[in-house]
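The file work_38.cif contains mmCIF, C-alpha atoms:
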```
data_work
#
loop_
_atom_site.label_atom_id
_atom_site.label_comp_id
_atom_site.auth_asym_id
_atom_site.auth_seq_id
_atom_site.Cartn_x
_atom_site.Cartn_y
_atom_site.Cartn_z
CA MET A 268 -15.09 10.09 22.18
CA ALA A 269 -14.23 13.51 20.68
CA LYS A 270 -12.75 14.66 24.00
CA ARG A 271 -10.59 11.51 24.19
CA PHE A 272 -9.35 12.10 20.66
CA PHE A 273 -8.27 15.68 21.33
CA VAL A 274 -6.53 14.69 24.58
CA PHE A 275 -4.67 12.06 22.56
CA LEU A 276 -3.88 14.63 19.85
CA ALA A 277 -2.50 17.03 22.45
CA ALA A 278 -0.19 14.27 23.70
CA ILE A 279 1.12 13.76 20.16
CA VAL A 280 1.78 17.49 19.76
CA LEU A 281 3.66 17.62 23.07
CA LEU A 282 5.63 14.53 22.11
CA THR A 283 6.68 15.96 18.76
CA GLY A 284 7.55 19.31 20.32
CA ALA A 285 9.73 17.75 23.02
CA LYS A 286 11.89 15.57 20.79
CA SER A 287 15.47 16.51 20.04
CA ALA A 288 16.45 18.17 16.78
CA GLN A 289 18.29 15.04 15.63
CA SER A 290 15.50 12.51 16.31
CA GLN A 291 13.74 10.64 13.55
CA ASP A 292 9.99 10.08 13.44
CA VAL A 293 8.25 7.17 11.75
CA LEU A 294 4.72 7.20 10.32
CA THR A 295 3.28 3.73 9.81
CA LEU A 296 0.44 3.84 7.29
CA PHE A 297 -2.44 1.40 6.93
CA ASN A 298 -1.14 0.35 3.50
CA GLY A 299 2.06 -0.95 5.10
CA ARG A 300 4.28 1.92 4.03
CA LYS A 301 6.61 3.54 6.57
CA ILE A 302 7.61 7.18 6.21
CA TYR A 303 10.85 8.13 7.98
CA THR A 304 10.50 11.79 8.65
CA LYS A 305 10.61 14.80 10.94
CA ILE A 306 7.19 15.91 12.14
CA VAL A 307 6.65 19.66 11.91
CA GLU A 308 3.08 19.85 13.20
CA VAL A 309 0.11 17.67 14.13
CA ASN A 310 -3.39 19.11 13.94
CA SER A 311 -6.89 17.63 14.06
CA ASN A 312 -6.76 16.50 10.42
CA TYR A 313 -3.16 16.25 9.21
CA VAL A 314 0.41 15.48 10.12
CA ILE A 315 2.74 18.07 8.58
CA TYR A 316 6.22 16.66 8.00
CA LYS A 317 9.51 16.78 6.13
CA HIS A 318 11.48 13.76 4.96
CA PHE A 319 14.25 13.15 7.48
CA THR A 320 16.93 12.93 4.79
CA ASP A 321 16.10 16.37 3.41
CA ILE A 322 14.76 18.70 6.10
CA LYS A 323 15.17 21.70 3.77
CA GLU A 324 12.43 20.46 1.45
CA ARG A 325 8.94 21.93 1.46
CA ASN A 326 6.50 20.69 4.09
CA LYS A 327 4.31 17.75 3.15
CA SER A 328 1.07 16.62 4.74
CA ILE A 329 -0.84 13.40 5.23
CA VAL A 330 -4.31 12.91 6.68
CA LEU A 331 -4.49 11.25 10.09
CA ALA A 332 -6.97 8.70 8.76
CA ARG A 333 -4.16 7.08 6.72
CA ILE A 334 -1.86 6.64 9.71
CA PHE A 335 -1.88 3.60 11.98
CA ALA A 336 0.81 4.81 14.36
CA ILE A 337 3.39 7.53 14.95
CA GLU A 338 6.76 6.72 16.48
CA SER A 339 8.56 9.72 17.94
CA GLY A 340 11.35 10.00 20.49
CA GLY A 341 11.44 6.21 20.84
CA LYS A 342 7.76 6.04 21.79
CA GLU A 343 4.86 4.81 19.66
CA GLU A 344 1.43 6.40 19.65
CA VAL A 345 -1.24 4.30 17.91
CA LEU A 346 -3.84 6.42 16.14
CA TYR A 347 -6.03 3.46 15.24
CA HIS A 348 -8.89 3.13 17.72
CA PRO A 349 -11.55 0.63 16.63
CA ASP A 350 -15.06 0.83 18.01
CA PRO A 351 -15.27 -1.98 20.63
CA LEU A 352 -18.97 -2.36 19.83
CA ASP A 353 -18.21 -3.29 16.20
CA PRO A 354 -16.96 -6.90 16.09
CA GLU A 355 -16.21 -6.59 12.35
CA LEU A 356 -13.30 -4.21 12.97
CA PHE A 357 -9.76 -5.40 13.65
CA THR A 358 -8.38 -4.94 17.14
CA VAL A 359 -5.17 -2.92 17.38
CA GLU A 360 -3.03 -6.08 17.46
CA GLN A 361 -4.95 -7.65 14.56
CA MET A 362 -4.43 -4.49 12.50
CA ARG A 363 -0.75 -4.50 13.43
CA MET A 364 -0.40 -8.06 12.10
CA PHE A 365 -2.38 -7.17 8.96
CA ILE A 366 0.00 -4.28 8.27
CA LYS A 367 3.01 -6.52 8.96
CA GLY A 368 1.67 -8.91 6.31
CA GLU A 369 1.47 -6.03 3.84
CA GLN A 370 5.02 -5.02 4.67
CA GLU A 371 6.36 -8.54 4.19
CA ALA A 372 4.65 -8.79 0.80
CA MET A 373 6.09 -5.42 -0.23
CA ARG A 374 9.54 -6.63 0.80
CA PHE A 375 9.55 -10.08 -0.75
CA TYR A 376 6.86 -10.53 -3.40
CA ASP A 377 7.69 -10.08 -7.05
CA SER A 378 6.35 -12.05 -9.99
CA ASP A 379 7.94 -12.05 -13.42
CA ALA A 380 5.19 -14.43 -14.54
CA THR A 381 2.53 -11.76 -13.93
CA LYS A 382 4.47 -9.26 -16.01
CA ILE A 383 5.17 -11.68 -18.88
CA VAL A 384 1.61 -13.04 -19.07
CA SER A 385 0.20 -9.49 -18.87
CA VAL A 386 2.34 -8.38 -21.82
CA ALA A 387 1.39 -11.48 -23.81
CA PHE A 388 -2.32 -11.06 -23.09
CA GLY A 389 -2.13 -7.36 -23.92
CA MET A 390 -0.42 -8.09 -27.24
CA ALA A 391 -3.03 -10.71 -28.11
CA SER A 392 -5.79 -8.20 -27.26
CA GLY A 393 -4.16 -5.57 -29.46
CA TYR A 394 -4.50 -7.81 -32.51
CA PHE A 395 -8.30 -7.56 -32.19
CA GLY A 396 -8.07 -3.85 -32.98
CA PHE A 397 -8.62 -0.68 -31.00
CA PHE A 398 -12.25 -1.21 -29.94
CA TYR A 399 -12.47 -4.95 -29.21
CA GLY A 400 -8.90 -5.10 -27.96
CA LEU A 401 -9.66 -2.67 -25.14
CA ILE A 402 -11.79 -5.32 -23.47
CA GLY A 403 -8.91 -7.75 -22.99
CA PRO A 404 -6.50 -6.02 -20.53
CA PRO A 405 -9.18 -4.92 -18.01
CA LEU A 406 -10.70 -8.41 -18.12
CA PHE A 407 -7.32 -9.99 -17.45
CA THR A 408 -6.66 -7.54 -14.60
CA THR A 409 -9.99 -8.44 -12.99
CA ILE A 410 -9.23 -12.15 -13.21
CA VAL A 411 -5.64 -12.00 -11.98
CA GLY A 412 -6.57 -9.67 -9.12
CA SER A 413 -9.23 -12.05 -7.81
CA PHE A 414 -6.78 -14.82 -6.87
CA SER A 415 -4.99 -14.85 -3.53
CA PRO A 416 -1.52 -16.41 -3.29
CA LYS A 417 -0.77 -19.80 -1.77
CA MET A 418 0.67 -18.62 1.53
CA SER A 419 2.77 -21.72 2.15
CA ALA A 420 4.77 -20.85 -0.96
CA MET A 421 5.33 -17.21 -0.03
CA LYS A 422 8.66 -15.87 1.22
CA VAL A 423 8.57 -14.28 4.69
CA THR A 424 11.11 -13.44 7.38
CA ASP A 425 9.45 -15.78 9.89
CA PRO A 426 7.48 -18.81 8.54
CA SER A 427 5.44 -18.98 11.76
CA LEU A 428 3.75 -15.73 10.75
CA ILE A 429 1.97 -17.49 7.89
CA SER A 430 -0.32 -19.28 10.34
CA ASP A 431 -1.64 -15.95 11.63
CA PRO A 432 -4.87 -15.22 9.68
CA ASP A 433 -4.53 -11.44 9.98
CA PHE A 434 -0.93 -11.51 8.73
CA ALA A 435 -1.95 -13.80 5.86
CA GLU A 436 -4.86 -11.51 4.94
CA GLY A 437 -2.60 -8.46 4.81
CA TYR A 438 0.01 -10.32 2.75
CA ALA A 439 -2.61 -11.65 0.32
CA LYS A 440 -4.21 -8.21 -0.11
CA LYS A 441 -0.88 -6.63 -0.99
CA VAL A 442 -0.12 -9.43 -3.46
CA ARG A 443 -3.49 -8.94 -5.17
CA ASP A 444 -2.82 -5.19 -5.35
CA TYR A 445 0.59 -5.90 -6.86
CA LYS A 446 -0.91 -8.18 -9.51
CA VAL A 447 -3.52 -5.58 -10.41
CA ARG A 448 -0.94 -2.79 -10.76
CA LYS A 449 1.49 -4.87 -12.79
CA SER A 450 -1.20 -6.34 -15.03
CA ILE A 451 -2.47 -2.83 -15.82
CA LEU A 452 1.04 -1.53 -16.56
CA PHE A 453 2.42 -4.47 -18.53
CA GLY A 454 -0.94 -5.31 -20.10
CA GLY A 455 -1.09 -1.74 -21.41
CA ILE A 456 2.43 -2.05 -22.82
CA GLY A 457 1.52 -5.33 -24.51
CA TYR A 458 -1.71 -3.87 -25.83
CA GLY A 459 0.19 -0.96 -27.40
CA ILE A 460 2.61 -3.36 -29.09
CA GLY A 461 -0.22 -5.56 -30.30
CA LEU A 462 -2.18 -2.57 -31.60
CA ILE A 463 0.81 -1.40 -33.63
CA GLY A 464 1.16 -4.91 -35.05
CA TRP A 465 -2.55 -4.98 -35.92
CA ALA A 466 -2.30 -1.57 -37.63
CA VAL A 467 0.71 -2.70 -39.69
CA TYR A 468 -1.06 -5.92 -40.63
CA ALA A 469 -4.27 -4.09 -41.61
CA LYS A 470 -2.32 -1.61 -43.71
CA ASN A 471 -0.42 -4.30 -45.63
CA LYS A 472 -3.31 -6.68 -46.03
#
```
Could you rewrite the structure in this file as structure tokens?
Amino acid sequence: MAKRFFVFLAAIVLLTGAKSAQSQDVLTLFNGRKIYTKIVEVNSNYVIYKHFTDIKERNKSIVLARIFAIESGGKEEVLYHPDPLDPELFTVEQMRMFIKGEQEAMRFYDSDATKIVSVAFGMASGYFGFFYGLIGPPLFTTIVGSFSPKMSAMKVTDPSLISDPDFAEGYAKKVRDYKVRKSILFGGIGYGIGLIGWAVYAKNK
């Protein structure tokens, strides 16, 4: 397995070294993010790169374990190699669909309701004071992050994708992550507002 990996790594290095100076590389990460870049070096642990739009910037690095695939010179090299003896792991195509679901959610999903309710809940928590109020926002985040979206109501580029369970799982995961991040941010803002209101009330009581 180790020998296969280093043969594969050598192919990546040769590929990146042979590309033209004007070519653009694409790193597709497991979290759905794409990095459009110029690869400087690939070693056994990291990809060293510069953003394609600013090749004069300092080198950046990302661990190989975060990368699903590298596209360079018009060719894609998939770094994800599941163990065929582990049925719990996604196949390459299943992982590709999972990542596509994440990407679609990143592109289309946005919820003003999550932000508004998070602020309102945070404000209500703030009125219970500094100590007891701190319990509210994390509790709300836990609750809101536990619910997956109704896929039939989600916006996607191709509705037929919704029927793919791996795509739907990736989409739902990214939506839950979004809700958690926004509830923490806007819940914290609401909590701060509520805490100020509680302090003013306590002072004037």
Which residues of range 401-437 of chain A come within 10 Å of range 355-363 of chain A, and for each one, what is the closest pair of atoms and their distance in Å to one decimal, counting all atoms listed in the file, sorted by chain and residue number, as JSON lines?
```
{"residue": "A:Asp431", "atom": "CA", "partner": "A:Gln361", "partner_atom": "CA", "distance": 9.4}
{"residue": "A:Pro432", "atom": "CA", "partner": "A:Gln361", "partner_atom": "CA", "distance": 9.0}
{"residue": "A:Asp433", "atom": "CA", "partner": "A:Gln361", "partner_atom": "CA", "distance": 6.0}
{"residue": "A:Phe434", "atom": "CA", "partner": "A:Gln361", "partner_atom": "CA", "distance": 8.1}
{"residue": "A:Gly437", "atom": "CA", "partner": "A:Met362", "partner_atom": "CA", "distance": 8.8}
```
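As for CA of Asp444 in chain A and CA of Pro426 in chain A, they are spaced 22.0 Å apart.
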Looking at all atoms listed in the file, which of A:Leu294, A:Val386, A:Val442, A:Ile410 is the one that sits closest to Gly459 in chain A?
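Ranking A:Leu294, A:Val386, A:Val442, A:Ile410 by distance to Gly459 in chain A, first place goes to A:Val386.
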Range 336-343 of chain A: which residues within 6 Å, counting only C-alpha atoms, same-chain residues fewer than 2 positions away excluded, as a list in words?
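Answer for this query is Lys286, Asp292, Val293, Leu294, Thr295, Ile334, Val345 and Leu346 of chain A.
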With C-alpha atoms kept, could you save the residues just selected as a CSV table (one decimal), in the frame of the given file?
```csv
chain,number,residue,atom,x,y,z
A,286,LYS,CA,11.9,15.6,20.8
A,292,ASP,CA,10.0,10.1,13.4
A,293,VAL,CA,8.2,7.2,11.8
A,294,LEU,CA,4.7,7.2,10.3
A,295,THR,CA,3.3,3.7,9.8
A,334,ILE,CA,-1.9,6.6,9.7
A,345,VAL,CA,-1.2,4.3,17.9
A,346,LEU,CA,-3.8,6.4,16.1
```
Between A:Val330, A:Ile366, A:Val411, A:Leu352, which one has atoms that come closest to Arg300 in chain A, using only C-alpha atoms?
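The closest residue to Arg300 in chain A is A:Ile366.
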A straight line from CA of Met421 in chain A to CA of Gly368 in chain A spans 11.1 Å
Find, counting all atoms listed in the file, the residue in A:Ile460, A:Leu428, A:Ile451, A:Val467 that gets nearest to Met364 in chain A.
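That would be A:Leu428, the residue with the smallest distance to Met364 in chain A.
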Produce the centre coordinates and the three edge lengths, each in Å to one decimal, of the box along x, y and z that contains all listed atoms of range 428-435 of chain A with 6 Å added on each side, as AutoDock Vina command-line options.
```
--center_x -0.6 --center_y -15.4 --center_z 8.7 --size_x 20.6 --size_y 19.8 --size_z 17.8
```
Interatomic distance between CA of Met373 in chain A and CA of Lys440 in chain A?
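Value for the CA of Met373 in chain A-CA of Lys440 in chain A distance: 10.7 Å.
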Minimum-distance residue to Glu324 in chain A, chosen among A:Lys305, A:Asn312, A:Ala420, A:Val447 (using all atoms listed in the file)
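Selected residue with least distance to Glu324 in chain A: A:Lys305.
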